[in-house]
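Structure first, commentary second.
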Amino acid sequence: METQTQKRITVTLQHQKILKKRHTREAVLRRAKRRWAPIPCSMQENSLGPFPLLLQQVQSDAAQNYTIFYSISGRGVDQEPLNLFYIDKDTGNLYCTRPVDREEYDVFDLIAYASTADGYSADLPLPLPIKVEDENDNHPIFTEAIYNFEILENSRLGTTVGVVCATDRDEPDTMHTRLKYSILEQTPRSRVFFSVHPNTGVITTVSHYLDREVVDTYTLIMKVQDMDGQFFGLVGTSTCIITVQDSNDNPPTFRQNSYETSVEENAYNVEILRIPVEDKDLRNTANWRANFTILKGNENGHFKIVTDEATNEGVLYVAKPLNYEENHQMILEIGVNNEAPFARDVITRVAAMSRALVTVHVKDQDEGPECNPAVQYIRIKENSALGTEANGYKAYDPETKNGNGLRYRKLYDPKEWIRINEISGLVTLSKPLDRESMAPQNDLYNITVLATDQDGRSCTGTLAVHIEDINDNAPEILQDYLIICKQKMGYTDISAVDPDEPINGPPFHFSLEESAPEINKIWTLNRINDTAARLSYRRNAQLQEYTIPITVKDRAGQAATKILRVNLCDCTHPSQCVSTARSAGVALGKWAILAILLGIALLFSVLLTLVCGIVSARKGKSFPEDLAQQNLIISNTEAPGDDRVCSANGFAVQNANNCNHGICGTMSSGVRNGGQETIEMVKGHQTLDSSRCSGHHRTLEPCRGGHGETETCRHTYSEWHNFTQPRLGEASIRGHTG
């Protein structure tokens, strides 16, 4: 122990050892070397006693000079499990009070203390571990009470089935936990099929003859033993259930090698036979379900065979009607296999596909006419003369092999071009045939024909009329109007089509009409391909719209001429020229504008002549002296405004303030309301002023800003009064005095 304080003391040596108590002020001399150390200690698990059981004695060197008291602490003393250990405080003897289970507590770490009577620590605390020695008191236990494994039948030798595992609570890496596995029992015991590895617990097959159809489940009793499998080791057991899974190792087989059945002719979609098969594999699996195939005898597709999912039988059907006159009986070879392929290990052990023969007897029926083939073809030239005859559809009676006694009738004729002779079936043209009018154009004109026997039984067939083309259509240019931008384009392309067959169609020959020499001087036409040409203009071409006659001819000489409008325009894109053309279409020409101006001038001349003539006819009358006090009103409407009278064409009558001599202002037209002229002279507004200037009457002054043409004539104010006075009436003129 480390020295904390050193001091010199007086020691008296005597032969008799005398223990003394340490004075409270006296320090215990401690060495740098420890004076006590842990003593290895252990105890046996599940010890039988007697208890308390002495384990060891703890002593301190300080006990040689002082009275020392011992104590302990730790798990088993003041921690769970409580009071398992205790120490004699005077002697230092350590005791155990009861048995201990190592699997619960494998070691106890105690702390021992040495102290004087006054509580002073004589030494540092001493770690005191107590190990519990293991005893083989635990059986090995499998991780599962029942193991379930699966393995495919006919598996190869050494195939792993599964792994079993056990545990032992005893001390690891000792003989108590060294385990060995083995198989105690196999059920059924017919043959040993499985083994287990003694150390790893892996179960494998020792035979490749596992057959689910013989035994589908095996039960193994597994054993595990500790002490490395020695006879005195402890043992644990478990059950292992191994299920053998099905593989397709059994092919389906027919119960018979041959079958017979019968069916009436012309019947179809009817079941005629059920064929059962046997298969030992697991039911309702792909290894059990059967697939049937008709191997021979069904080259024309008259039969089909399907599998009934519920019974696994093959069901044979007639898919197409049978003809007794052609075949009285038919022999089919049927094969069967499974949905799943055979297991590779059993392919060499199984036979080939199971086969069976089926004989089908066809029963005769008294049947009606037969339309065979369903489509019959004839050829008629296009535009043939009305009444032209051709072969029609021919049906026959299968019993007599001829068409005697049959009657024919047309069921469908799209364009009503054909008539059918009821007895012979011959066809006659009722209208000209036009190949190009058919839609779609496939050169075949289909007519549906009904053939009926004397008993009313019938069949239908199709008469396909191939219309042979003749060159009855000239090629046609597709374009009508073209725009050429002279700034960007030096030519334009045109194309043509011909609805006739190719033999009467392209290559086409394009040419300009010779009757238009002016056009030929400006335009040229060159071939591009069989159906197109290029129209080009010369440098001297003017910007305008041209009408160009172009003739196009097919290879057979059929030709047609078309007037093509070509607009040679000053543009960069054709759309600009289209906009210009539209604007020009609504503009007025120079002659139209001149005609409008002349019409306006003539209208004003007539009005002006009328007004001046009326005014000049009224001369020699003067206004009365009191004119200034009178109101002159010729009106059937209200006055239009202050000091002026406005006409419908914009003229106004103003105050006459000029001192001209005898000048009369006239208006081209008066204000009209309801077709009557309106002239107002209102007192107070001084529309007409009667004051005199230099001995002359003041005159009317023409309004400014009018749209019509005006003329002046010399009339006095009194003459104007003489003109208006008779129209007023006596009731309209009142004298004013003063």
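Chain labels follow the order of the structure tokens: the first chain is A, the next B, and so on; residue numbering restarts at 1 in every chain, and ligands are counted from 1 in their shown order.
Secondary structure by DSSP on the backbone puts the following residues of segment 370-592 of chain A in helix (DSSP H, G or I): Arg435, Glu436, Ser437, Pro502, Ile503, Asn504, Pro517, Glu518, Ile519, Asn520, Lys521, Ile522, Pro574, Ser575, Gln576, Cys577, Val578, Ser579, Thr580, Ala581, Arg582, Ser583, Ala584, Gly585, Val586, Lys590, Trp591 and Ala592 of chain A.
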9 Å contact set for His176 of chain A, only C-alpha atoms, chain neighbours under 4 positions out, as an mmCIF file with N, CA, C and O atoms, in the first residue's frame:
```
data_model
loop_
_atom_site.group_PDB
_atom_site.id
_atom_site.type_symbol
_atom_site.label_atom_id
_atom_site.label_comp_id
_atom_site.auth_asym_id
_atom_site.auth_seq_id
_atom_site.Cartn_x
_atom_site.Cartn_y
_atom_site.Cartn_z
ATOM 1 N N ASP A 134 -19.197 -24.591 -13.558
ATOM 2 C CA ASP A 134 -20.370 -25.148 -14.228
ATOM 3 C C ASP A 134 -20.540 -26.623 -13.926
ATOM 4 O O ASP A 134 -19.577 -27.373 -13.779
ATOM 5 N N GLU A 135 -21.790 -27.018 -13.879
ATOM 6 C CA GLU A 135 -22.171 -28.416 -13.758
ATOM 7 C C GLU A 135 -23.135 -28.730 -14.904
ATOM 8 O O GLU A 135 -23.936 -27.887 -15.299
ATOM 9 N N ASN A 136 -23.052 -29.874 -15.523
ATOM 10 C CA ASN A 136 -23.902 -30.250 -16.662
ATOM 11 C C ASN A 136 -25.321 -30.539 -16.154
ATOM 12 O O ASN A 136 -25.743 -31.684 -16.040
ATOM 13 N N ASP A 137 -26.016 -29.460 -15.890
ATOM 14 C CA ASP A 137 -27.355 -29.600 -15.331
ATOM 15 C C ASP A 137 -28.448 -29.126 -16.296
ATOM 16 O O ASP A 137 -29.603 -29.011 -15.900
ATOM 17 N N ASN A 138 -28.108 -28.837 -17.572
ATOM 18 C CA ASN A 138 -29.090 -28.362 -18.548
ATOM 19 C C ASN A 138 -29.085 -29.266 -19.776
ATOM 20 O O ASN A 138 -28.034 -29.531 -20.375
ATOM 21 N N ASP A 168 -27.808 -25.072 -25.620
ATOM 22 C CA ASP A 168 -27.552 -25.616 -24.276
ATOM 23 C C ASP A 168 -27.126 -24.464 -23.394
ATOM 24 O O ASP A 168 -26.210 -23.702 -23.745
ATOM 25 N N ARG A 169 -27.765 -24.310 -22.227
ATOM 26 C CA ARG A 169 -27.502 -23.179 -21.346
ATOM 27 C C ARG A 169 -26.229 -23.332 -20.531
ATOM 28 O O ARG A 169 -25.803 -22.381 -19.877
ATOM 29 N N ASP A 170 -25.641 -24.504 -20.569
ATOM 30 C CA ASP A 170 -24.411 -24.692 -19.809
ATOM 31 C C ASP A 170 -23.289 -23.852 -20.392
ATOM 32 O O ASP A 170 -23.451 -23.194 -21.431
ATOM 33 N N GLU A 171 -22.135 -23.902 -19.711
ATOM 34 C CA GLU A 171 -21.023 -23.027 -20.076
ATOM 35 C C GLU A 171 -20.531 -23.344 -21.477
ATOM 36 O O GLU A 171 -20.277 -24.500 -21.812
ATOM 37 N N PRO A 172 -20.429 -22.296 -22.346
ATOM 38 C CA PRO A 172 -19.968 -22.535 -23.717
ATOM 39 C C PRO A 172 -18.535 -23.067 -23.737
ATOM 40 O O PRO A 172 -17.747 -22.891 -22.803
ATOM 41 N N ASP A 226 -25.566 -33.650 -25.519
ATOM 42 C CA ASP A 226 -24.333 -32.926 -25.187
ATOM 43 C C ASP A 226 -23.247 -33.912 -24.776
ATOM 44 O O ASP A 226 -23.405 -35.127 -24.956
ATOM 45 N N MET A 227 -22.171 -33.407 -24.190
ATOM 46 C CA MET A 227 -20.992 -34.224 -23.836
ATOM 47 C C MET A 227 -20.474 -34.943 -25.082
ATOM 48 O O MET A 227 -19.999 -36.071 -25.026
ATOM 49 N N ASP A 228 -20.623 -34.214 -26.256
ATOM 50 C CA ASP A 228 -20.118 -34.712 -27.536
ATOM 51 C C ASP A 228 -20.744 -36.049 -27.911
ATOM 52 O O ASP A 228 -20.109 -36.897 -28.545
ATOM 53 N N GLY A 233 -24.249 -38.168 -21.734
ATOM 54 C CA GLY A 233 -24.664 -36.794 -22.009
ATOM 55 C C GLY A 233 -26.175 -36.639 -21.923
ATOM 56 O O GLY A 233 -26.950 -37.596 -22.063
ATOM 57 N N LEU A 234 -26.596 -35.403 -21.695
ATOM 58 C CA LEU A 234 -28.020 -35.101 -21.619
ATOM 59 C C LEU A 234 -28.597 -35.004 -23.037
ATOM 60 O O LEU A 234 -27.935 -34.567 -23.981
#
```
Query - Proximity to Ile548 of chain A - best of A:Phe604, A:Phe51, A:Trp523, A:Tyr86, only C-alpha atoms - result: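 Among A:Phe604, A:Phe51, A:Trp523, A:Tyr86, it is A:Trp523 that comes nearest to Ile548 of chain A.
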Requested in this report: Write out as a PyMOL selection string each polymer residue whose atoms come within 8 Å of Thr253 of chain A, counting only C-alpha atoms; drop sequence neighbours fewer than 5 positions from it.
Outcome: chain A and resi 277-279+336+354-355
Output of the above residues as a compact mmCIF listing (two decimals), in the first residue's frame, restricted to N, CA and C atoms:
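Saved as again.txt:
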```txt
# COMPACT_ATOMS: atom_id res chain seq x y z
N VAL A 277 -58.83 -38.93 -69.32
CA VAL A 277 -57.43 -39.34 -69.16
C VAL A 277 -57.16 -39.55 -67.68
N GLU A 278 -56.06 -40.27 -67.38
CA GLU A 278 -55.64 -40.52 -66.02
C GLU A 278 -54.25 -39.93 -65.81
N ASP A 279 -54.06 -39.29 -64.63
CA ASP A 279 -52.78 -38.70 -64.28
C ASP A 279 -52.61 -38.82 -62.77
N VAL A 336 -52.04 -36.13 -75.93
CA VAL A 336 -52.26 -35.41 -74.68
C VAL A 336 -50.95 -35.31 -73.92
N SER A 354 -48.95 -39.75 -74.99
CA SER A 354 -50.03 -40.71 -75.11
C SER A 354 -50.94 -40.32 -76.27
N ARG A 355 -51.36 -41.30 -77.08
CA ARG A 355 -52.15 -41.05 -78.28
C ARG A 355 -53.37 -41.96 -78.31
```
Query raised in the report: Which residues come within 12 Å of Val465 of chain A, counting only C-alpha atoms, excluding same-chain residues fewer than 6 positions away, as a PyMOL selection string?
Result: chain A and resi 375-382+390-393+413+417-418+427-429+433-435+438+442-448
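Between Pro369 of chain A and the candidates A:Cys96, A:Ala451, A:Ile331, A:Leu157, the tightest atom-to-atom separation, counting only C-alpha atoms, involves A:Ala451.
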Requested in this report: Return the single residue from A:Gln230, A:Asn269, A:Ser495, A:Ser247 that is closest to Trp288 of chain A, with distances computed using only C-alpha atoms.
Outcome: A:Ser247
Query raised in the report: Could you work out how far atom CA of Val164 of chain A lies from atom CA of Asn248 of chain A, giving the answer in Å with one decimal?
Result: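 We find that atom CA of Asn248 of chain A and atom CA of Val164 of chain A lie 29.3 Å from each other.
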**Report entry** Counting only C-alpha atoms, the option among A:Arg534, A:His197, A:His509, A:Arg98 closest to Leu53 of chain A
**Finding:** A:Arg98
Requested in this report: Excluding Asn291 of chain A and any residue of its chain fewer than 2 positions from it, enumerate the residues within 9 Å of it, using only C-alpha atoms, and give them as a PyMOL selection string.
Outcome: chain A and resi 289+293+306-307+312+314+335-339
**Report entry** Ser458 of chain A surroundings by only C-alpha atoms, 9 Å radius, close-in-sequence under 6 positions cut, as number ranges by chain
**Finding:** A: 368-371, 450-452
Report task. Find the distance between atom CA of Lys562 of chain A and atom CA of Ile528 of chain A and write it in Å to one decimal. Result -> 18.7 Å
Strand (DSSP E or B) residues, from DSSP on the backbone, in segment 10-191 of chain A, as a tab-separated table (two decimals) with N, CA, C and O atoms, in the first residue's frame:
```tsv
chain	number	residue	atom	x	y	z
A	41	CYS	N	-10.61	-17.76	-6.07
A	41	CYS	CA	-11.66	-18.45	-5.33
A	41	CYS	C	-12.76	-18.87	-6.28
A	41	CYS	O	-13.11	-18.14	-7.21
A	42	SER	N	-13.30	-20.05	-6.08
A	42	SER	CA	-14.42	-20.55	-6.88
A	42	SER	C	-15.29	-21.44	-6.01
A	42	SER	O	-14.86	-21.88	-4.94
A	43	MET	N	-16.49	-21.68	-6.55
A	43	MET	CA	-17.40	-22.55	-5.85
A	43	MET	C	-18.17	-23.38	-6.87
A	43	MET	O	-18.35	-22.99	-8.03
A	44	GLN	N	-18.62	-24.52	-6.51
A	44	GLN	CA	-19.31	-25.45	-7.39
A	44	GLN	C	-20.77	-25.06	-7.53
A	44	GLN	O	-21.44	-24.73	-6.55
A	53	LEU	N	-21.06	-22.48	3.80
A	53	LEU	CA	-19.92	-23.17	3.22
A	53	LEU	C	-18.75	-22.22	3.20
A	53	LEU	O	-18.83	-21.12	2.65
A	54	LEU	N	-17.61	-22.63	3.86
A	54	LEU	CA	-16.40	-21.81	3.90
A	54	LEU	C	-15.74	-21.83	2.53
A	54	LEU	O	-15.46	-22.90	1.98
A	55	LEU	N	-15.52	-20.61	2.01
A	55	LEU	CA	-14.89	-20.51	0.70
A	55	LEU	C	-13.40	-20.19	0.82
A	55	LEU	O	-12.57	-20.86	0.21
A	56	GLN	N	-13.02	-19.19	1.65
A	56	GLN	CA	-11.61	-18.85	1.86
A	56	GLN	C	-11.53	-17.86	3.01
A	56	GLN	O	-12.54	-17.41	3.53
A	57	GLN	N	-10.28	-17.50	3.37
A	57	GLN	CA	-10.03	-16.53	4.44
A	57	GLN	C	-9.28	-15.34	3.85
A	57	GLN	O	-8.34	-15.51	3.08
A	69	PHE	N	-10.64	-5.32	11.53
A	69	PHE	CA	-11.99	-5.85	11.30
A	69	PHE	C	-12.22	-5.91	9.77
A	69	PHE	O	-11.87	-4.99	9.04
A	70	TYR	N	-12.84	-7.04	9.30
A	70	TYR	CA	-13.04	-7.29	7.86
A	70	TYR	C	-14.53	-7.14	7.50
A	70	TYR	O	-15.41	-7.50	8.28
A	71	SER	N	-14.76	-6.69	6.25
A	71	SER	CA	-16.13	-6.56	5.71
A	71	SER	C	-16.07	-6.72	4.17
A	71	SER	O	-15.01	-6.60	3.57
A	72	ILE	N	-17.23	-7.02	3.58
A	72	ILE	CA	-17.34	-7.19	2.12
A	72	ILE	C	-18.59	-6.48	1.61
A	72	ILE	O	-19.52	-6.20	2.38
A	73	SER	N	-18.58	-6.24	0.27
A	73	SER	CA	-19.75	-5.65	-0.41
A	73	SER	C	-19.77	-6.15	-1.85
A	73	SER	O	-18.80	-6.73	-2.34
A	74	GLY	N	-20.92	-5.91	-2.52
A	74	GLY	CA	-21.05	-6.32	-3.92
A	74	GLY	C	-22.25	-7.21	-4.13
A	74	GLY	O	-23.07	-7.44	-3.23
A	75	ARG	N	-22.40	-7.73	-5.39
A	75	ARG	CA	-23.52	-8.60	-5.72
A	75	ARG	C	-23.42	-9.89	-4.93
A	75	ARG	O	-22.38	-10.55	-4.92
A	79	GLN	N	-26.25	-6.52	-2.75
A	79	GLN	CA	-26.98	-6.46	-4.01
A	79	GLN	C	-27.56	-7.84	-4.30
A	79	GLN	O	-27.09	-8.83	-3.76
A	85	PHE	N	-23.42	-14.20	0.46
A	85	PHE	CA	-22.08	-14.30	1.06
A	85	PHE	C	-22.02	-13.42	2.29
A	85	PHE	O	-22.70	-12.39	2.36
A	86	TYR	N	-21.15	-13.86	3.23
A	86	TYR	CA	-20.83	-12.99	4.38
A	86	TYR	C	-19.41	-13.34	4.84
A	86	TYR	O	-18.86	-14.40	4.50
A	87	ILE	N	-18.77	-12.45	5.66
A	87	ILE	CA	-17.39	-12.62	6.12
A	87	ILE	C	-17.35	-12.42	7.63
A	87	ILE	O	-18.05	-11.54	8.16
A	93	ASN	N	-12.90	-14.99	7.52
A	93	ASN	CA	-13.40	-16.16	6.81
A	93	ASN	C	-14.63	-15.77	5.97
A	93	ASN	O	-15.56	-15.15	6.48
A	94	LEU	N	-14.61	-16.21	4.66
A	94	LEU	CA	-15.69	-15.90	3.71
A	94	LEU	C	-16.57	-17.12	3.56
A	94	LEU	O	-16.09	-18.22	3.27
A	95	TYR	N	-17.90	-16.97	3.70
A	95	TYR	CA	-18.85	-18.07	3.67
A	95	TYR	C	-19.92	-17.84	2.58
A	95	TYR	O	-20.26	-16.69	2.26
A	96	CYS	N	-20.46	-18.96	2.07
A	96	CYS	CA	-21.62	-18.97	1.15
A	96	CYS	C	-22.76	-19.61	1.89
A	96	CYS	O	-22.59	-20.66	2.53
A	107	VAL	N	-20.41	-15.41	-12.03
A	107	VAL	CA	-19.30	-14.88	-11.25
A	107	VAL	C	-19.84	-13.78	-10.34
A	107	VAL	O	-20.79	-13.07	-10.71
A	108	PHE	N	-19.20	-13.67	-9.15
A	108	PHE	CA	-19.55	-12.63	-8.20
A	108	PHE	C	-18.31	-11.80	-7.94
A	108	PHE	O	-17.27	-12.35	-7.53
A	109	ASP	N	-18.40	-10.51	-8.20
A	109	ASP	CA	-17.27	-9.60	-7.98
A	109	ASP	C	-17.49	-8.88	-6.65
A	109	ASP	O	-18.22	-7.89	-6.56
A	110	LEU	N	-16.83	-9.44	-5.56
A	110	LEU	CA	-16.95	-8.86	-4.22
A	110	LEU	C	-15.78	-7.92	-3.95
A	110	LEU	O	-14.72	-8.02	-4.58
A	111	ILE	N	-15.96	-7.00	-3.01
A	111	ILE	CA	-14.92	-6.08	-2.56
A	111	ILE	C	-14.72	-6.32	-1.06
A	111	ILE	O	-15.68	-6.26	-0.29
A	112	ALA	N	-13.45	-6.60	-0.67
A	112	ALA	CA	-13.11	-6.84	0.75
A	112	ALA	C	-12.45	-5.59	1.33
A	112	ALA	O	-11.65	-4.94	0.64
A	113	TYR	N	-12.79	-5.30	2.60
A	113	TYR	CA	-12.26	-4.12	3.27
A	113	TYR	C	-11.60	-4.56	4.59
A	113	TYR	O	-12.12	-5.43	5.29
A	114	ALA	N	-10.47	-3.86	4.95
A	114	ALA	CA	-9.78	-4.07	6.25
A	114	ALA	C	-9.71	-2.72	6.95
A	114	ALA	O	-9.17	-1.76	6.38
A	115	SER	N	-10.24	-2.64	8.20
A	115	SER	CA	-10.27	-1.36	8.90
A	115	SER	C	-10.03	-1.59	10.39
A	115	SER	O	-10.19	-2.70	10.92
A	121	SER	N	-9.08	2.82	7.51
A	121	SER	CA	-8.76	1.78	6.53
A	121	SER	C	-7.30	1.40	6.66
A	121	SER	O	-6.40	2.22	6.43
A	126	LEU	N	-9.95	-4.53	-1.47
A	126	LEU	CA	-9.40	-5.66	-2.20
A	126	LEU	C	-10.49	-6.30	-3.06
A	126	LEU	O	-11.49	-6.78	-2.54
A	127	PRO	N	-10.37	-6.29	-4.47
A	127	PRO	CA	-11.33	-7.02	-5.34
A	127	PRO	C	-11.23	-8.51	-5.08
A	127	PRO	O	-10.12	-9.07	-5.02
A	128	LEU	N	-12.39	-9.11	-4.94
A	128	LEU	CA	-12.42	-10.53	-4.59
A	128	LEU	C	-13.44	-11.24	-5.49
A	128	LEU	O	-14.60	-11.39	-5.15
A	129	PRO	N	-13.03	-11.69	-6.72
A	129	PRO	CA	-13.96	-12.40	-7.61
A	129	PRO	C	-14.15	-13.84	-7.17
A	129	PRO	O	-13.20	-14.52	-6.79
A	130	ILE	N	-15.44	-14.29	-7.28
A	130	ILE	CA	-15.77	-15.68	-6.94
A	130	ILE	C	-16.47	-16.28	-8.16
A	130	ILE	O	-17.55	-15.85	-8.55
A	131	LYS	N	-15.83	-17.23	-8.81
A	131	LYS	CA	-16.37	-17.87	-9.99
A	131	LYS	C	-17.17	-19.10	-9.60
A	131	LYS	O	-16.76	-19.87	-8.75
A	132	VAL	N	-18.31	-19.26	-10.31
A	132	VAL	CA	-19.16	-20.43	-10.07
A	132	VAL	C	-18.80	-21.49	-11.12
A	132	VAL	O	-18.96	-21.25	-12.33
A	133	GLU	N	-18.32	-22.63	-10.71
A	133	GLU	CA	-17.92	-23.71	-11.61
A	133	GLU	C	-19.17	-24.41	-12.15
A	133	GLU	O	-20.08	-24.74	-11.39
A	141	ILE	N	-31.74	-28.15	-26.03
A	141	ILE	CA	-33.12	-27.95	-26.47
A	141	ILE	C	-33.11	-27.48	-27.93
A	141	ILE	O	-32.36	-26.56	-28.29
A	142	PHE	N	-33.94	-28.10	-28.78
A	142	PHE	CA	-34.09	-27.66	-30.17
A	142	PHE	C	-34.78	-26.29	-30.21
A	142	PHE	O	-35.64	-25.98	-29.37
A	146	ILE	N	-41.39	-28.49	-33.57
A	146	ILE	CA	-41.73	-29.20	-34.81
A	146	ILE	C	-41.14	-28.42	-35.98
A	146	ILE	O	-41.41	-27.22	-36.14
A	147	TYR	N	-40.35	-29.09	-36.78
A	147	TYR	CA	-39.79	-28.50	-37.99
A	147	TYR	C	-40.61	-28.99	-39.19
A	147	TYR	O	-40.99	-30.16	-39.24
A	148	ASN	N	-40.87	-28.07	-40.14
A	148	ASN	CA	-41.58	-28.43	-41.37
A	148	ASN	C	-40.69	-28.09	-42.56
A	148	ASN	O	-40.29	-26.93	-42.74
A	149	PHE	N	-40.39	-29.13	-43.34
A	149	PHE	CA	-39.56	-28.95	-44.53
A	149	PHE	C	-40.29	-29.53	-45.74
A	149	PHE	O	-41.20	-30.36	-45.60
A	150	GLU	N	-39.88	-29.05	-46.94
A	150	GLU	CA	-40.44	-29.55	-48.19
A	150	GLU	C	-39.30	-29.92	-49.13
A	150	GLU	O	-38.24	-29.28	-49.13
A	151	ILE	N	-39.55	-30.95	-49.92
A	151	ILE	CA	-38.56	-31.39	-50.90
A	151	ILE	C	-39.29	-31.93	-52.11
A	151	ILE	O	-40.37	-32.53	-51.99
A	152	LEU	N	-38.74	-31.67	-53.30
A	152	LEU	CA	-39.34	-32.11	-54.54
A	152	LEU	C	-39.08	-33.60	-54.73
A	152	LEU	O	-37.97	-34.09	-54.49
A	160	THR	N	-30.25	-31.03	-49.98
A	160	THR	CA	-30.51	-30.53	-48.63
A	160	THR	C	-32.01	-30.37	-48.41
A	160	THR	O	-32.71	-29.76	-49.21
A	161	VAL	N	-32.48	-30.94	-47.30
A	161	VAL	CA	-33.89	-30.84	-46.94
A	161	VAL	C	-34.12	-29.66	-46.01
A	161	VAL	O	-35.06	-28.88	-46.19
A	162	GLY	N	-33.26	-29.50	-45.00
A	162	GLY	CA	-33.39	-28.43	-44.03
A	162	GLY	C	-32.31	-28.54	-42.97
A	162	GLY	O	-31.46	-29.44	-43.00
A	163	VAL	N	-32.35	-27.64	-41.99
A	163	VAL	CA	-31.36	-27.61	-40.91
A	163	VAL	C	-32.10	-27.53	-39.59
A	163	VAL	O	-33.02	-26.72	-39.43
A	166	ALA	N	-30.06	-26.76	-32.06
A	166	ALA	CA	-30.37	-26.86	-30.63
A	166	ALA	C	-29.41	-25.96	-29.85
A	166	ALA	O	-28.33	-25.61	-30.33
A	167	THR	N	-29.83	-25.60	-28.63
A	167	THR	CA	-29.01	-24.76	-27.74
A	167	THR	C	-28.89	-25.43	-26.38
A	167	THR	O	-29.73	-26.25	-25.99
A	180	LYS	N	-24.27	-33.20	-30.40
A	180	LYS	CA	-24.28	-34.12	-31.53
A	180	LYS	C	-25.74	-34.39	-31.92
A	180	LYS	O	-26.60	-34.58	-31.05
A	181	TYR	N	-26.02	-34.37	-33.29
A	181	TYR	CA	-27.37	-34.58	-33.81
A	181	TYR	C	-27.47	-35.97	-34.43
A	181	TYR	O	-26.51	-36.50	-35.00
A	182	SER	N	-28.68	-36.52	-34.34
A	182	SER	CA	-28.92	-37.83	-34.95
A	182	SER	C	-30.43	-38.00	-35.17
A	182	SER	O	-31.24	-37.22	-34.65
A	183	ILE	N	-30.79	-38.98	-36.03
A	183	ILE	CA	-32.19	-39.31	-36.30
A	183	ILE	C	-32.55	-40.55	-35.51
A	183	ILE	O	-31.95	-41.62	-35.69
A	184	LEU	N	-33.49	-40.42	-34.59
A	184	LEU	CA	-33.90	-41.56	-33.78
A	184	LEU	C	-34.83	-42.48	-34.57
A	184	LEU	O	-34.73	-43.70	-34.48
A	185	GLU	N	-35.76	-41.85	-35.38
A	185	GLU	CA	-36.79	-42.67	-36.01
A	185	GLU	C	-37.31	-41.97	-37.27
A	185	GLU	O	-37.39	-40.74	-37.32
A	186	GLN	N	-37.63	-42.74	-38.30
A	186	GLN	CA	-38.26	-42.24	-39.53
A	186	GLN	C	-39.58	-42.97	-39.73
A	186	GLN	O	-39.64	-44.19	-39.63
A	187	THR	N	-40.64	-42.21	-40.05
A	187	THR	CA	-41.95	-42.79	-40.33
A	187	THR	C	-42.44	-42.27	-41.68
A	187	THR	O	-42.44	-41.05	-41.89
```
